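Comments concern the structure below.
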Amino acid sequence: MALHTKSITRPRFQKSLTHHAFRIIATACILITGGTAVSLGNETTDDTKKENSTLSLRISGEYEYLDTRDTIINPSNILQRPENRIETFILGEMQYKAPGGNVKGEFRFGYQNLFSSSDDFSDENTYNSQINQLYYQSSSSPLSFLIGRKKVRWGVSYAYSPTDLISQTRTPEDPDDRLNLVKGADLMQLSWIRDNGQFDLIYAPDISWNFNDSFIRRNRIGMRIYQLVEPFDISVVGRLEEGGNWAAGCNTTVTFGDALELHAEYVYNSASRRSYPNLDSNPSSLVDPFFNDRNGGTHEIVLGGQYTFPGKWNLVMEYLFRSAGLSDNEFTAYSERLDYLDNQMSSNPAATPYFYEAVSYFSVPSNRNYLFTRLYQPEITKHLSCELFSYVNLDDGSGMCVFMPKYESGNNYDIYLRVNKFWGGNNTEFGMVPDELSGLIGFSYYLL
Amino acid sequence: MYKFLKIFCVFALFSTLSAYRESIAETVDNSRAAELLQRADVVRSPWSDFNMIATLSYEKMQEQKKDIFRVYVKNHVNSLVCYIEPLRQRGNLLLMLDEYLWYYVNKTQRPMRITPIQKISGGASYGDISRLSWSKDYNASLAGESQITVKGNNFDTWYLKLKARSRSATYHTIDLFVEKETGYPRKAIVYLQSGKKMKTLYFTGFSSIGGKTMNTAMEFVDHLESDSKTTMTFSKVIVRKSPDRYFLKTNLSSIYLDIFN
């Protein structure tokens, strides 16, 4: 989970809402004008014809209000969580028929504004551009070659796929990646396709594009063997990194009857370095170090399924197990440590760096056992769909749930609402998240 | 006693012969029904491998809507349905390999396995677009003859009852009316497993393509949606074998370029 935190040393000033509104409208106008220019240049495109190049553009925006609370990782909003977030972005997808193959790209140009009514909070404006995908592909049966940046999806689960060993994984908080923030991996891929099966060999180095360090930070290779063995859909995947670390796993899906689908994923990571609370240390003292690194093999398992009920109601349930997660005792020690540091900070400034160190280890998921559940109705009315999903920590009973109705009108635009609620006690995982409740309204307009 | 035995034997022989005759008649009827069904199939899907544009037109909240797909068919039973319009769906793909289905969402680059029930939605379902062969999915029996009217034209038809025999069948049962003179399908009424009438399909347009006749226009009346009407037309038919890689779940993220470029 990404927390929008700010440095407490920033200059403090407050902008008026009028100022924010002006900035948002100006940004939207620039983005729309840019999009229209491209649209006019391509207005003769016939979608049913095959062209040498195609371009699609979408502009999306969101306004979110966050109801923050005091938690043990954010006492008195020390992390400077904003109350409001505005985000606008243009997503472009292009395809181009190149000699011997095709080029595809996905670009995102975005703007984010974080602001709050509190005098302690300073505005934050971020412009961001990223290339989610850009690759060239050439195919000559039965082989296919690809080079560039691409999202590689090997997993079969809905919310989280541990067998996605190459690309950035999705998160259960936003499984559909509505903000298109997930980037592909830089790679070269050779695929061999035959009889309901495919073999992929991938070289995916970890590349530094700022050129300050060495260009290739780390070499990685990956492979996947896929075969449809009726009625099972089976993949075996693996990844080997420079230095000897490796991961291997498998996934499968099967359907029963007309409405039930089941799936499973398993991955073993040979080395997963992570910091854990030291259970031999007293959390209520400034012992250094309180956190110890542990380096060892870990397992991840996802067991799930989906069922479609009469009336098109679709239910997805997935159980996630992570052996790398904190045990009950470790999580208790962690929360006790945060409690202690919270109390110490006002009287003992030496506790502050320890507090920030402890907070830096907070991430979702932290524990071992989780349940994701999603109920989806594609047609509440002819234009309105609705989804409700929850992500629950089975170890401490805390969790989050999202309610998201979506209105799809005509051919060109969607409007959606999203309400996100976190629950749990002070010393539980989701109870520590500083946003108790958030609500947003968003839109997408399809320009091309 | 002897007389009783004689009567019993004659009765038993008569019953057996009668049952045998009925069974022969039923077999003949079923084989005739299967033959009629195959004739209708040839009109719906004249080639084993081809691709085409499928256009769905329908009215939604007093607003005319149009969905456009490119459909690739391989060996009659494998198909790939590619969304072209609406824009928000462009690049999404539905892959059907016999009875197995996957839905690929272009935005997330993720192919998801889906269940047969999920291909039934809307006035015309995915199954109506992707599954054009009845013979492989249904057992047919001849239920009689009927005169029907489609768009003001009267047709003398064979009345067939189709019952699903594989999971790849889109519907549970179908009442199918095949024109006696031409063997063209003219009307079909499809039912849910509960026996509830779901849709009525009218086969309204036929075109001659490459020397063969193909059903290229259909009208759907959805009885579950206030008798709303959907029109489906097939155009730009290209008789060509598509690459095997189009029909592989793991390769769906890579074929977008071929389909749209």
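Starting from 1 in every chain, residues are counted up; chains themselves are A, B, ... following the order of the structure tokens, and ligands are numbered from 1 as listed.
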
* To do: Name the residues of stretch 76-230 of chain A that fall into strand (DSSP E) according to DSSP on the backbone, using the chain letters and numbers of this document, as a count of residues only.
  => 87

Identify all chain B residues at most 9 Å from chain A by counting only C-alpha atoms; ligands do not count. Present them as a PDB file with N, CA, C and O atoms, in the first residue's frame.
ATOM      1  N   ILE B  53     -16.386  -9.448 -39.668  1.00  0.00           N
ATOM      2  CA  ILE B  53     -16.792  -8.392 -38.739  1.00  0.00           C
ATOM      3  C   ILE B  53     -18.231  -8.681 -38.316  1.00  0.00           C
ATOM      4  O   ILE B  53     -19.093  -8.939 -39.157  1.00  0.00           O
ATOM      5  N   LYS B  60     -30.741   1.098 -26.390  1.00  0.00           N
ATOM      6  CA  LYS B  60     -30.557   1.056 -24.947  1.00  0.00           C
ATOM      7  C   LYS B  60     -31.014   2.391 -24.393  1.00  0.00           C
ATOM      8  O   LYS B  60     -30.421   3.420 -24.722  1.00  0.00           O
ATOM      9  N   MET B  61     -32.030   2.392 -23.574  1.00  0.00           N
ATOM     10  CA  MET B  61     -32.549   3.637 -22.993  1.00  0.00           C
ATOM     11  C   MET B  61     -32.829   4.686 -24.083  1.00  0.00           C
ATOM     12  O   MET B  61     -32.304   5.798 -24.027  1.00  0.00           O
ATOM     13  N   GLU B  63     -31.621   4.969 -26.883  1.00  0.00           N
ATOM     14  CA  GLU B  63     -30.396   5.406 -27.540  1.00  0.00           C
ATOM     15  C   GLU B  63     -29.905   4.249 -28.421  1.00  0.00           C
ATOM     16  O   GLU B  63     -29.811   3.114 -27.956  1.00  0.00           O
ATOM     17  N   LYS B  65     -27.379   1.939 -30.107  1.00  0.00           N
ATOM     18  CA  LYS B  65     -26.004   1.566 -29.785  1.00  0.00           C
ATOM     19  C   LYS B  65     -25.485   0.550 -30.782  1.00  0.00           C
ATOM     20  O   LYS B  65     -26.270  -0.176 -31.387  1.00  0.00           O
ATOM     21  N   LYS B  66     -24.181   0.519 -30.913  1.00  0.00           N
ATOM     22  CA  LYS B  66     -23.583  -0.396 -31.871  1.00  0.00           C
ATOM     23  C   LYS B  66     -22.302  -0.977 -31.284  1.00  0.00           C
ATOM     24  O   LYS B  66     -21.460  -0.230 -30.786  1.00  0.00           O
ATOM     25  N   ILE B  68     -19.053  -3.462 -32.280  1.00  0.00           N
ATOM     26  CA  ILE B  68     -18.406  -4.079 -33.446  1.00  0.00           C
ATOM     27  C   ILE B  68     -17.291  -5.025 -32.978  1.00  0.00           C
ATOM     28  O   ILE B  68     -16.505  -4.677 -32.088  1.00  0.00           O
ATOM     29  N   PHE B  69     -17.277  -6.196 -33.556  1.00  0.00           N
ATOM     30  CA  PHE B  69     -16.272  -7.208 -33.210  1.00  0.00           C
ATOM     31  C   PHE B  69     -15.618  -7.740 -34.491  1.00  0.00           C
ATOM     32  O   PHE B  69     -16.248  -7.755 -35.544  1.00  0.00           O
ATOM     33  N   ARG B  70     -14.399  -8.192 -34.362  1.00  0.00           N
ATOM     34  CA  ARG B  70     -13.828  -9.040 -35.420  1.00  0.00           C
ATOM     35  C   ARG B  70     -13.791 -10.453 -34.854  1.00  0.00           C
ATOM     36  O   ARG B  70     -13.363 -10.668 -33.717  1.00  0.00           O
ATOM     37  N   ILE B  84     -13.911  -4.207 -31.106  1.00  0.00           N
ATOM     38  CA  ILE B  84     -13.417  -3.016 -31.806  1.00  0.00           C
ATOM     39  C   ILE B  84     -14.135  -1.779 -31.268  1.00  0.00           C
ATOM     40  O   ILE B  84     -13.524  -0.761 -30.990  1.00  0.00           O
ATOM     41  N   GLU B  85     -15.424  -1.853 -31.121  1.00  0.00           N
ATOM     42  CA  GLU B  85     -16.213  -0.788 -30.485  1.00  0.00           C
ATOM     43  C   GLU B  85     -17.176  -1.427 -29.489  1.00  0.00           C
ATOM     44  O   GLU B  85     -17.625  -2.551 -29.722  1.00  0.00           O
ATOM     45  N   PRO B  86     -17.522  -0.757 -28.400  1.00  0.00           N
ATOM     46  CA  PRO B  86     -17.175   0.615 -28.031  1.00  0.00           C
ATOM     47  C   PRO B  86     -15.705   0.775 -27.654  1.00  0.00           C
ATOM     48  O   PRO B  86     -15.027  -0.203 -27.359  1.00  0.00           O
ATOM     49  N   LEU B  87     -15.266   2.036 -27.642  1.00  0.00           N
ATOM     50  CA  LEU B  87     -13.855   2.317 -27.413  1.00  0.00           C
ATOM     51  C   LEU B  87     -13.363   1.776 -26.076  1.00  0.00           C
ATOM     52  O   LEU B  87     -12.233   1.319 -25.967  1.00  0.00           O
ATOM     53  N   ARG B  88     -14.238   1.830 -25.053  1.00  0.00           N
ATOM     54  CA  ARG B  88     -13.795   1.412 -23.737  1.00  0.00           C
ATOM     55  C   ARG B  88     -13.497  -0.089 -23.706  1.00  0.00           C
ATOM     56  O   ARG B  88     -12.823  -0.577 -22.822  1.00  0.00           O
ATOM     57  N   TYR B 100     -13.935 -24.461 -23.605  1.00  0.00           N
ATOM     58  CA  TYR B 100     -13.173 -23.665 -22.634  1.00  0.00           C
ATOM     59  C   TYR B 100     -13.112 -22.209 -23.072  1.00  0.00           C
ATOM     60  O   TYR B 100     -12.894 -21.911 -24.238  1.00  0.00           O
ATOM     61  N   LYS B 107      -6.823  -3.661 -20.772  1.00  0.00           N
ATOM     62  CA  LYS B 107      -6.304  -2.681 -19.813  1.00  0.00           C
ATOM     63  C   LYS B 107      -5.342  -3.335 -18.816  1.00  0.00           C
ATOM     64  O   LYS B 107      -4.311  -2.772 -18.488  1.00  0.00           O
ATOM     65  N   THR B 108      -5.694  -4.492 -18.331  1.00  0.00           N
ATOM     66  CA  THR B 108      -4.840  -5.133 -17.330  1.00  0.00           C
ATOM     67  C   THR B 108      -3.923  -6.182 -17.949  1.00  0.00           C
ATOM     68  O   THR B 108      -3.105  -6.766 -17.246  1.00  0.00           O
ATOM     69  N   GLN B 109      -4.062  -6.431 -19.238  1.00  0.00           N
ATOM     70  CA  GLN B 109      -3.248  -7.435 -19.943  1.00  0.00           C
ATOM     71  C   GLN B 109      -3.427  -8.818 -19.340  1.00  0.00           C
ATOM     72  O   GLN B 109      -2.498  -9.610 -19.312  1.00  0.00           O
ATOM     73  N   ARG B 110      -4.625  -9.080 -18.845  1.00  0.00           N
ATOM     74  CA  ARG B 110      -4.791 -10.304 -18.060  1.00  0.00           C
ATOM     75  C   ARG B 110      -5.851 -11.201 -18.689  1.00  0.00           C
ATOM     76  O   ARG B 110      -6.992 -10.791 -18.831  1.00  0.00           O
ATOM     77  N   PRO B 111      -5.487 -12.417 -19.080  1.00  0.00           N
ATOM     78  CA  PRO B 111      -6.517 -13.354 -19.531  1.00  0.00           C
ATOM     79  C   PRO B 111      -7.118 -14.093 -18.329  1.00  0.00           C
ATOM     80  O   PRO B 111      -6.388 -14.625 -17.506  1.00  0.00           O
ATOM     81  N   MET B 112      -8.439 -14.053 -18.208  1.00  0.00           N
ATOM     82  CA  MET B 112      -9.107 -14.717 -17.082  1.00  0.00           C
ATOM     83  C   MET B 112      -9.937 -15.871 -17.622  1.00  0.00           C
ATOM     84  O   MET B 112     -10.652 -15.700 -18.612  1.00  0.00           O
ATOM     85  N   ARG B 113      -9.870 -16.982 -16.945  1.00  0.00           N
ATOM     86  CA  ARG B 113     -10.728 -18.093 -17.354  1.00  0.00           C
ATOM     87  C   ARG B 113     -12.156 -17.773 -16.925  1.00  0.00           C
ATOM     88  O   ARG B 113     -12.385 -17.330 -15.795  1.00  0.00           O
ATOM     89  N   ILE B 114     -13.107 -17.981 -17.799  1.00  0.00           N
ATOM     90  CA  ILE B 114     -14.495 -17.721 -17.423  1.00  0.00           C
ATOM     91  C   ILE B 114     -15.327 -18.976 -17.640  1.00  0.00           C
ATOM     92  O   ILE B 114     -14.881 -19.942 -18.269  1.00  0.00           O
ATOM     93  N   THR B 115     -16.531 -18.949 -17.123  1.00  0.00           N
ATOM     94  CA  THR B 115     -17.384 -20.135 -17.151  1.00  0.00           C
ATOM     95  C   THR B 115     -18.414 -20.009 -18.282  1.00  0.00           C
ATOM     96  O   THR B 115     -18.694 -18.903 -18.744  1.00  0.00           O
ATOM     97  N   PRO B 116     -18.978 -21.137 -18.715  1.00  0.00           N
ATOM     98  CA  PRO B 116     -19.924 -21.079 -19.834  1.00  0.00           C
ATOM     99  C   PRO B 116     -21.069 -20.099 -19.620  1.00  0.00           C
ATOM    100  O   PRO B 116     -21.504 -19.439 -20.554  1.00  0.00           O
ATOM    101  N   ILE B 117     -21.547 -19.952 -18.389  1.00  0.00           N
ATOM    102  CA  ILE B 117     -22.697 -19.073 -18.162  1.00  0.00           C
ATOM    103  C   ILE B 117     -22.351 -17.618 -18.465  1.00  0.00           C
ATOM    104  O   ILE B 117     -23.219 -16.818 -18.809  1.00  0.00           O
ATOM    105  N   GLN B 118     -21.078 -17.274 -18.365  1.00  0.00           N
ATOM    106  CA  GLN B 118     -20.681 -15.882 -18.582  1.00  0.00           C
ATOM    107  C   GLN B 118     -20.671 -15.487 -20.055  1.00  0.00           C
ATOM    108  O   GLN B 118     -20.480 -14.329 -20.376  1.00  0.00           O
ATOM    109  N   SER B 121     -24.996 -13.169 -22.346  1.00  0.00           N
ATOM    110  CA  SER B 121     -25.367 -11.865 -21.810  1.00  0.00           C
ATOM    111  C   SER B 121     -25.840 -10.988 -22.950  1.00  0.00           C
ATOM    112  O   SER B 121     -25.392 -11.134 -24.079  1.00  0.00           O
ATOM    113  N   ARG B 167     -20.910 -28.938 -22.913  1.00  0.00           N
ATOM    114  CA  ARG B 167     -20.842 -27.710 -22.116  1.00  0.00           C
ATOM    115  C   ARG B 167     -20.584 -26.491 -22.996  1.00  0.00           C
ATOM    116  O   ARG B 167     -20.745 -25.363 -22.556  1.00  0.00           O
ATOM    117  N   PRO B 243      -3.607 -17.834 -37.812  1.00  0.00           N
ATOM    118  CA  PRO B 243      -2.472 -18.492 -37.149  1.00  0.00           C
ATOM    119  C   PRO B 243      -2.892 -19.177 -35.842  1.00  0.00           C
ATOM    120  O   PRO B 243      -3.790 -18.694 -35.141  1.00  0.00           O
ATOM    121  N   ASP B 244      -2.234 -20.275 -35.531  1.00  0.00           N
ATOM    122  CA  ASP B 244      -2.547 -21.008 -34.289  1.00  0.00           C
ATOM    123  C   ASP B 244      -2.394 -20.130 -33.052  1.00  0.00           C
ATOM    124  O   ASP B 244      -3.083 -20.316 -32.055  1.00  0.00           O
ATOM    125  N   ARG B 245      -1.441 -19.175 -33.134  1.00  0.00           N
ATOM    126  CA  ARG B 245      -1.178 -18.368 -31.934  1.00  0.00           C
ATOM    127  C   ARG B 245      -2.350 -17.472 -31.553  1.00  0.00           C
ATOM    128  O   ARG B 245      -2.392 -16.933 -30.453  1.00  0.00           O
ATOM    129  N   PHE B 247      -5.187 -18.579 -31.061  1.00  0.00           N
ATOM    130  CA  PHE B 247      -6.090 -19.418 -30.271  1.00  0.00           C
ATOM    131  C   PHE B 247      -5.369 -20.017 -29.067  1.00  0.00           C
ATOM    132  O   PHE B 247      -5.489 -21.192 -28.758  1.00  0.00           O
ATOM    133  N   LEU B 248      -4.597 -19.182 -28.426  1.00  0.00           N
ATOM    134  CA  LEU B 248      -3.845 -19.614 -27.254  1.00  0.00           C
ATOM    135  C   LEU B 248      -3.966 -18.546 -26.178  1.00  0.00           C
ATOM    136  O   LEU B 248      -3.626 -17.392 -26.405  1.00  0.00           O
ATOM    137  N   LYS B 249      -4.432 -18.954 -25.025  1.00  0.00           N
ATOM    138  CA  LYS B 249      -4.672 -18.007 -23.926  1.00  0.00           C
ATOM    139  C   LYS B 249      -3.432 -17.181 -23.599  1.00  0.00           C
ATOM    140  O   LYS B 249      -3.517 -15.970 -23.384  1.00  0.00           O
ATOM    141  N   THR B 250      -2.288 -17.828 -23.575  1.00  0.00           N
ATOM    142  CA  THR B 250      -1.065 -17.146 -23.148  1.00  0.00           C
ATOM    143  C   THR B 250      -0.565 -16.133 -24.162  1.00  0.00           C
ATOM    144  O   THR B 250       0.286 -15.315 -23.860  1.00  0.00           O
ATOM    145  N   ASN B 251      -1.091 -16.202 -25.373  1.00  0.00           N
ATOM    146  CA  ASN B 251      -0.576 -15.314 -26.411  1.00  0.00           C
ATOM    147  C   ASN B 251      -1.517 -14.150 -26.703  1.00  0.00           C
ATOM    148  O   ASN B 251      -1.253 -13.349 -27.584  1.00  0.00           O
ATOM    149  N   SER B 253      -2.148 -11.410 -25.225  1.00  0.00           N
ATOM    150  CA  SER B 253      -1.631 -10.048 -25.061  1.00  0.00           C
ATOM    151  C   SER B 253      -0.783  -9.640 -26.261  1.00  0.00           C
ATOM    152  O   SER B 253      -0.511  -8.461 -26.458  1.00  0.00           O
ATOM    153  N   SER B 254      -0.365 -10.577 -27.066  1.00  0.00           N
ATOM    154  CA  SER B 254       0.536 -10.265 -28.179  1.00  0.00           C
ATOM    155  C   SER B 254      -0.168 -10.146 -29.519  1.00  0.00           C
ATOM    156  O   SER B 254       0.414  -9.642 -30.467  1.00  0.00           O
ATOM    157  N   TYR B 256      -2.948  -8.483 -30.259  1.00  0.00           N
ATOM    158  CA  TYR B 256      -3.627  -7.204 -30.455  1.00  0.00           C
ATOM    159  C   TYR B 256      -3.054  -6.483 -31.671  1.00  0.00           C
ATOM    160  O   TYR B 256      -3.772  -5.925 -32.484  1.00  0.00           O
ATOM    161  N   LEU B 257      -1.722  -6.522 -31.773  1.00  0.00           N
ATOM    162  CA  LEU B 257      -1.054  -5.815 -32.848  1.00  0.00           C
ATOM    163  C   LEU B 257      -1.462  -6.354 -34.211  1.00  0.00           C
ATOM    164  O   LEU B 257      -1.677  -5.607 -35.152  1.00  0.00           O
ATOM    165  N   ASP B 258      -1.591  -7.661 -34.315  1.00  0.00           N
ATOM    166  CA  ASP B 258      -1.974  -8.269 -35.593  1.00  0.00           C
ATOM    167  C   ASP B 258      -3.398  -7.901 -35.961  1.00  0.00           C
ATOM    168  O   ASP B 258      -3.717  -7.660 -37.122  1.00  0.00           O
ATOM    169  N   ILE B 259      -4.262  -7.864 -34.967  1.00  0.00           N
ATOM    170  CA  ILE B 259      -5.681  -7.671 -35.239  1.00  0.00           C
ATOM    171  C   ILE B 259      -5.997  -6.230 -35.611  1.00  0.00           C
ATOM    172  O   ILE B 259      -6.801  -5.964 -36.490  1.00  0.00           O
ATOM    173  N   PHE B 260      -5.336  -5.309 -34.973  1.00  0.00           N
ATOM    174  CA  PHE B 260      -5.682  -3.902 -35.195  1.00  0.00           C
ATOM    175  C   PHE B 260      -4.727  -3.180 -36.140  1.00  0.00           C
ATOM    176  O   PHE B 260      -5.026  -2.079 -36.566  1.00  0.00           O
ATOM    177  N   ASN B 261      -3.583  -3.768 -36.447  1.00  0.00           N
ATOM    178  CA  ASN B 261      -2.670  -3.112 -37.393  1.00  0.00           C
ATOM    179  C   ASN B 261      -2.894  -3.640 -38.805  1.00  0.00           C
ATOM    180  O   ASN B 261      -3.264  -4.764 -39.002  1.00  0.00           O
TER     181      ASN B 261
END

* Do you know which residues are at most 8 Å from A:Tyr340 counting only C-alpha atoms, after dropping those on the same chain fewer than 3 positions away, and could you put them as a ChimeraX atom specification? -> /A:283-285,336-337,343-344

Filtering to all heavy atoms, could you give me those residues as a compact mmCIF listing (two decimals), in the first residue's frame?
# COMPACT_ATOMS: atom_id res chain seq x y z
N PRO A 283 10.37 -4.36 23.18
CA PRO A 283 9.88 -3.28 22.32
C PRO A 283 9.85 -1.94 23.04
O PRO A 283 9.91 -0.88 22.41
CB PRO A 283 8.47 -3.72 21.95
CG PRO A 283 8.31 -5.13 22.40
CD PRO A 283 9.36 -5.38 23.43
N SER A 284 9.76 -1.98 24.36
CA SER A 284 9.63 -0.74 25.12
C SER A 284 10.97 -0.21 25.59
O SER A 284 11.14 0.18 26.74
CB SER A 284 8.71 -0.96 26.32
OG SER A 284 7.47 -1.44 25.88
N SER A 285 11.95 -0.25 24.72
CA SER A 285 13.23 0.38 25.03
C SER A 285 13.90 0.71 23.70
O SER A 285 13.60 0.09 22.69
CB SER A 285 14.12 -0.56 25.86
OG SER A 285 14.51 -1.65 25.07
N GLU A 336 3.60 -3.02 19.57
CA GLU A 336 4.03 -2.53 20.89
C GLU A 336 5.19 -1.54 20.76
O GLU A 336 5.28 -0.55 21.48
CB GLU A 336 4.43 -3.71 21.78
CG GLU A 336 3.24 -4.47 22.33
CD GLU A 336 3.63 -5.74 23.08
OE1 GLU A 336 4.84 -6.03 23.14
OE2 GLU A 336 2.72 -6.42 23.58
N ARG A 337 6.06 -1.85 19.82
CA ARG A 337 7.20 -0.96 19.56
C ARG A 337 6.69 0.43 19.11
O ARG A 337 7.15 1.47 19.60
CB ARG A 337 8.07 -1.61 18.47
CG ARG A 337 9.20 -0.76 17.95
CD ARG A 337 10.33 -0.67 18.94
NE ARG A 337 11.54 -0.10 18.38
CZ ARG A 337 12.60 0.17 19.11
NH1 ARG A 337 12.61 -0.08 20.40
NH2 ARG A 337 13.69 0.68 18.56
N ASN A 343 4.63 7.23 22.39
CA ASN A 343 4.60 7.86 23.72
C ASN A 343 5.91 8.57 24.04
O ASN A 343 5.93 9.58 24.73
CB ASN A 343 4.31 6.81 24.80
CG ASN A 343 2.92 6.25 24.64
OD1 ASN A 343 2.02 6.96 24.17
ND2 ASN A 343 2.73 4.98 24.98
N GLN A 344 7.02 8.03 23.53
CA GLN A 344 8.33 8.59 23.85
C GLN A 344 8.64 9.88 23.09
O GLN A 344 9.37 10.73 23.59
CB GLN A 344 9.41 7.55 23.50
CG GLN A 344 9.50 6.40 24.50
CD GLN A 344 10.01 6.88 25.85
OE1 GLN A 344 11.08 7.49 25.95
NE2 GLN A 344 9.23 6.65 26.90

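Here atom CA of A:Phe290 and atom CA of A:Asp435 stand 26.8 Å from one another.
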
* Run DSSP on the backbone of this structure and report the residues of stretch 79-259 of chain B it assigns to helix (DSSP H, G or I), as a ChimeraX atom specification. => /B:87-89,116-119,126-130,244-247,249-259
